[in-house]
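Source file: entry-v7.tsv. Holds: TSV, N, CA and C atoms.
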chain	number	residue	atom	x	y	z
A	10	ASP	N	-73.97	-42.10	29.03
A	10	ASP	CA	-73.95	-42.06	27.58
A	10	ASP	C	-72.61	-41.53	27.05
A	11	ILE	N	-72.07	-40.55	27.75
A	11	ILE	CA	-70.78	-39.98	27.32
A	11	ILE	C	-69.68	-41.02	27.45
A	12	LEU	N	-69.62	-41.68	28.58
A	12	LEU	CA	-68.59	-42.70	28.79
A	12	LEU	C	-68.73	-43.84	27.78
A	13	ALA	N	-69.94	-44.23	27.49
A	13	ALA	CA	-70.16	-45.29	26.49
A	13	ALA	C	-69.67	-44.85	25.12
A	14	ARG	N	-69.89	-43.58	24.79
A	14	ARG	CA	-69.41	-43.05	23.50
A	14	ARG	C	-67.90	-43.09	23.44
A	15	PHE	N	-67.24	-42.64	24.52
A	15	PHE	CA	-65.79	-42.68	24.57
A	15	PHE	C	-65.26	-44.12	24.52
A	16	ALA	N	-65.92	-45.02	25.23
A	16	ALA	CA	-65.47	-46.41	25.28
A	16	ALA	C	-65.57	-47.07	23.90
A	17	GLY	N	-66.53	-46.63	23.10
A	17	GLY	CA	-66.67	-47.16	21.75
A	17	GLY	C	-65.65	-46.61	20.78
A	18	GLU	N	-64.94	-45.58	21.20
A	18	GLU	CA	-63.97	-44.92	20.33
A	18	GLU	C	-62.68	-44.59	21.09
A	19	VAL	N	-62.17	-45.56	21.81
A	19	VAL	CA	-60.97	-45.36	22.63
A	19	VAL	C	-59.84	-44.80	21.77
A	20	GLY	N	-59.24	-43.72	22.25
A	20	GLY	CA	-58.11	-43.09	21.56
A	20	GLY	C	-58.50	-42.09	20.50
A	21	ARG	N	-59.74	-42.10	20.06
A	21	ARG	CA	-60.19	-41.15	19.03
A	21	ARG	C	-60.76	-39.89	19.68
A	22	ILE	N	-60.58	-38.78	19.03
A	22	ILE	CA	-61.12	-37.52	19.52
A	22	ILE	C	-62.60	-37.45	19.18
A	23	VAL	N	-63.40	-37.12	20.19
A	23	VAL	CA	-64.83	-36.92	20.02
A	23	VAL	C	-65.09	-35.44	20.30
A	24	SER	N	-65.60	-34.74	19.31
A	24	SER	CA	-65.77	-33.29	19.44
A	24	SER	C	-66.97	-32.93	20.32
A	25	ARG	N	-66.92	-31.73	20.89
A	25	ARG	CA	-68.05	-31.21	21.66
A	25	ARG	C	-69.27	-31.14	20.77
A	26	ARG	N	-69.07	-30.70	19.53
A	26	ARG	CA	-70.16	-30.59	18.56
A	26	ARG	C	-70.87	-31.93	18.39
A	27	ARG	N	-70.08	-32.97	18.22
A	27	ARG	CA	-70.64	-34.31	18.02
A	27	ARG	C	-71.39	-34.80	19.27
A	28	LEU	N	-70.83	-34.53	20.44
A	28	LEU	CA	-71.51	-34.91	21.67
A	28	LEU	C	-72.83	-34.17	21.81
A	29	LEU	N	-72.84	-32.89	21.48
A	29	LEU	CA	-74.09	-32.12	21.54
A	29	LEU	C	-75.14	-32.69	20.59
A	30	GLN	N	-74.72	-33.14	19.43
A	30	GLN	CA	-75.65	-33.72	18.47
A	30	GLN	C	-76.13	-35.10	18.94
A	31	GLU	N	-75.20	-35.97	19.28
A	31	GLU	CA	-75.52	-37.37	19.51
A	31	GLU	C	-76.03	-37.67	20.92
A	32	ILE	N	-75.58	-36.93	21.92
A	32	ILE	CA	-76.02	-37.19	23.29
A	32	ILE	C	-77.18	-36.27	23.68
A	33	TRP	N	-77.05	-34.99	23.37
A	33	TRP	CA	-78.08	-34.02	23.76
A	33	TRP	C	-79.14	-33.80	22.68
A	34	GLY	N	-78.89	-34.23	21.47
A	34	GLY	CA	-79.88	-34.13	20.41
A	34	GLY	C	-80.03	-32.77	19.74
A	35	TYR	N	-79.03	-31.91	19.87
A	35	TYR	CA	-79.09	-30.61	19.19
A	35	TYR	C	-78.87	-30.81	17.70
A	36	PRO	N	-79.81	-30.39	16.85
A	36	PRO	CA	-79.65	-30.58	15.42
A	36	PRO	C	-78.56	-29.70	14.81
A	37	ASP	N	-78.34	-28.52	15.36
A	37	ASP	CA	-77.32	-27.60	14.86
A	37	ASP	C	-76.52	-27.04	16.04
A	38	PRO	N	-75.59	-27.82	16.57
A	38	PRO	CA	-74.88	-27.40	17.78
A	38	PRO	C	-74.00	-26.18	17.61
A	39	ASP	N	-73.70	-25.80	16.39
A	39	ASP	CA	-72.89	-24.61	16.17
A	39	ASP	C	-73.64	-23.33	16.57
A	40	ARG	N	-74.95	-23.42	16.63
A	40	ARG	CA	-75.76	-22.26	16.99
A	40	ARG	C	-76.12	-22.25	18.48
A	41	VAL	N	-75.58	-23.20	19.22
A	41	VAL	CA	-75.89	-23.33	20.64
A	41	VAL	C	-74.69	-22.90	21.47
A	42	GLU	N	-74.93	-22.05	22.43
A	42	GLU	CA	-73.87	-21.65	23.35
A	42	GLU	C	-74.18	-22.31	24.69
A	43	THR	N	-73.46	-23.37	24.99
A	43	THR	CA	-73.69	-24.09	26.24
A	43	THR	C	-72.39	-24.68	26.75
A	44	ARG	N	-72.31	-24.82	28.03
A	44	ARG	CA	-71.15	-25.45	28.67
A	44	ARG	C	-71.54	-26.84	29.19
A	45	SER	N	-72.67	-27.35	28.72
A	45	SER	CA	-73.17	-28.64	29.20
A	45	SER	C	-72.15	-29.76	29.05
A	46	VAL	N	-71.50	-29.81	27.91
A	46	VAL	CA	-70.53	-30.88	27.67
A	46	VAL	C	-69.38	-30.76	28.66
A	47	ASP	N	-68.84	-29.57	28.80
A	47	ASP	CA	-67.71	-29.36	29.70
A	47	ASP	C	-68.07	-29.71	31.15
A	48	MET	N	-69.26	-29.32	31.57
A	48	MET	CA	-69.70	-29.61	32.94
A	48	MET	C	-69.88	-31.12	33.15
A	49	GLN	N	-70.44	-31.80	32.17
A	49	GLN	CA	-70.65	-33.23	32.30
A	49	GLN	C	-69.34	-34.00	32.27
A	50	ILE	N	-68.39	-33.54	31.48
A	50	ILE	CA	-67.06	-34.17	31.45
A	50	ILE	C	-66.40	-34.01	32.82
A	51	ALA	N	-66.51	-32.82	33.41
A	51	ALA	CA	-65.93	-32.58	34.74
A	51	ALA	C	-66.57	-33.50	35.78
A	52	LYS	N	-67.89	-33.67	35.72
A	52	LYS	CA	-68.58	-34.57	36.66
A	52	LYS	C	-68.16	-36.02	36.44
A	53	LEU	N	-68.00	-36.41	35.19
A	53	LEU	CA	-67.58	-37.77	34.88
A	53	LEU	C	-66.18	-38.03	35.39
A	54	ARG	N	-65.28	-37.08	35.19
A	54	ARG	CA	-63.91	-37.23	35.71
A	54	ARG	C	-63.93	-37.38	37.22
A	55	LYS	N	-64.75	-36.58	37.89
A	55	LYS	CA	-64.83	-36.65	39.35
A	55	LYS	C	-65.35	-38.02	39.80
A	56	LYS	N	-66.37	-38.53	39.12
A	56	LYS	CA	-66.91	-39.85	39.46
A	56	LYS	C	-65.87	-40.95	39.25
A	57	LEU	N	-65.01	-40.76	38.27
A	57	LEU	CA	-63.95	-41.73	37.99
A	57	LEU	C	-62.76	-41.55	38.93
A	58	GLY	N	-62.79	-40.49	39.74
A	58	GLY	CA	-61.74	-40.25	40.72
A	58	GLY	C	-60.55	-39.46	40.21
A	59	PHE	N	-60.77	-38.63	39.21
A	59	PHE	CA	-59.69	-37.82	38.66
A	59	PHE	C	-60.04	-36.35	38.76
A	60	ALA	N	-59.01	-35.53	38.93
A	60	ALA	CA	-59.21	-34.08	38.97
A	60	ALA	C	-59.62	-33.59	37.59
A	61	ALA	N	-60.17	-32.40	37.54
A	61	ALA	CA	-60.70	-31.86	36.29
A	61	ALA	C	-59.69	-31.87	35.15
A	62	GLN	N	-58.48	-31.50	35.40
A	62	GLN	CA	-57.47	-31.47	34.33
A	62	GLN	C	-56.31	-32.39	34.65
A	63	ASP	N	-56.58	-33.50	35.32
A	63	ASP	CA	-55.55	-34.48	35.70
A	63	ASP	C	-54.92	-35.06	34.44
A	64	ALA	N	-53.65	-34.75	34.25
A	64	ALA	CA	-52.93	-35.23	33.05
A	64	ALA	C	-52.86	-36.74	32.99
A	65	GLY	N	-52.96	-37.40	34.14
A	65	GLY	CA	-52.90	-38.86	34.16
A	65	GLY	C	-54.25	-39.52	34.04
A	66	GLY	N	-55.29	-38.72	33.93
A	66	GLY	CA	-56.65	-39.26	33.85
A	66	GLY	C	-56.95	-39.86	32.49
A	67	PRO	N	-57.94	-40.72	32.43
A	67	PRO	CA	-58.26	-41.39	31.17
A	67	PRO	C	-59.01	-40.52	30.16
A	68	ILE	N	-59.67	-39.46	30.62
A	68	ILE	CA	-60.39	-38.58	29.69
A	68	ILE	C	-59.54	-37.34	29.48
A	69	GLN	N	-59.01	-37.23	28.29
A	69	GLN	CA	-58.12	-36.12	27.97
A	69	GLN	C	-58.86	-35.06	27.16
A	70	THR	N	-58.54	-33.81	27.47
A	70	THR	CA	-59.05	-32.70	26.68
A	70	THR	C	-58.06	-32.44	25.56
A	71	VAL	N	-58.55	-32.38	24.34
A	71	VAL	CA	-57.72	-32.05	23.19
A	71	VAL	C	-58.16	-30.65	22.76
A	72	ARG	N	-57.39	-29.68	23.16
A	72	ARG	CA	-57.77	-28.28	22.98
A	72	ARG	C	-58.15	-27.97	21.53
A	73	GLY	N	-59.31	-27.36	21.38
A	73	GLY	CA	-59.80	-26.97	20.07
A	73	GLY	C	-60.39	-28.11	19.26
A	74	ALA	N	-60.36	-29.34	19.81
A	74	ALA	CA	-60.86	-30.48	19.04
A	74	ALA	C	-61.94	-31.26	19.79
A	75	GLY	N	-61.76	-31.48	21.09
A	75	GLY	CA	-62.75	-32.24	21.85
A	75	GLY	C	-62.11	-33.02	22.98
A	76	TYR	N	-62.56	-34.24	23.15
A	76	TYR	CA	-62.08	-35.11	24.23
A	76	TYR	C	-61.78	-36.48	23.68
A	77	ARG	N	-60.96	-37.24	24.43
A	77	ARG	CA	-60.73	-38.63	24.04
A	77	ARG	C	-60.44	-39.45	25.29
A	78	LEU	N	-60.78	-40.71	25.20
A	78	LEU	CA	-60.53	-41.67	26.28
A	78	LEU	C	-59.25	-42.41	25.93
A	79	VAL	N	-58.31	-42.39	26.86
A	79	VAL	CA	-57.04	-43.08	26.66
A	79	VAL	C	-56.89	-44.08	27.79
A	80	LEU	N	-56.74	-45.34	27.45
A	80	LEU	CA	-56.58	-46.40	28.44
A	80	LEU	C	-55.17	-46.94	28.40
A	81	ASP	N	-54.60	-47.20	29.57
A	81	ASP	CA	-53.28	-47.82	29.65
A	81	ASP	C	-53.39	-49.26	29.18
A	82	GLU	N	-52.35	-49.70	28.53
A	82	GLU	CA	-52.37	-51.08	28.04
A	82	GLU	C	-51.78	-52.01	29.07

Encoded form (structure tokens):
Amino acid sequence: DILARFAGEVGRIVSRRRLLQEIWGYPDPDRVETRSVDMQIAKLRKKLGFAAQDAGGPIQTVRGAGYRLVLDE
């Protein structure tokens, strides 16, 4: 579900808050303290064959904002 969300918004930042709402179904993610998103992103990167913070990987962390999928043209 996460990869599909990123694929639908290539290059756009998708916030952790939004992922918690749309993927996990939390109605008010600001009141939730969880690392679920971060852990799932790490697992997804590993499945795609990239290290957790691989600068060359397609899933980029945008500090303080969220994540985005960047594809080479």

From chain A, collect each residue whose DSSP state is alpha helix (DSSP H) and return the set as an NGL selection string. :A and (11-16 or 25-31 or 45-56)

Practice task
Report as a list in words: the residues of chain A with a DSSP assignment of strand (DSSP E or B), based on the backbone of this structure.
Solution key: Val23, Ile68, Gln69, Thr70, Val71, Gly75, Tyr76, Arg77 and Leu78 of chain A

* To do: Kindly give the distance, in Å, that separates atom N of Ser24 in chain A and CA of Leu57 in chain A, rounded to a single decimal.
  =>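 Atom-to-atom, atom N of Ser24 in chain A and CA of Leu57 in chain A are spaced 20.0 Å apart.
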
re atom N of Glu42 in chain A and CA of Leu29 in chain A: distance 10.1 Å

- Point-to-point distance in Å for atom C of Ile50 in chain A and CA of Asp37 in chain A: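 For CA of Asp37 in chain A relative to atom C of Ile50 in chain A, the distance reads 22.0 Å.
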
(-59.3, -29.5, 26.1) in this file's frame - what residues fall within 12 Å of it? Use only C-alpha atoms and give the answer as a VMD selection string. chain A and resid 22 to 25 46 to 47 50 to 51 61 to 64 68 to 77
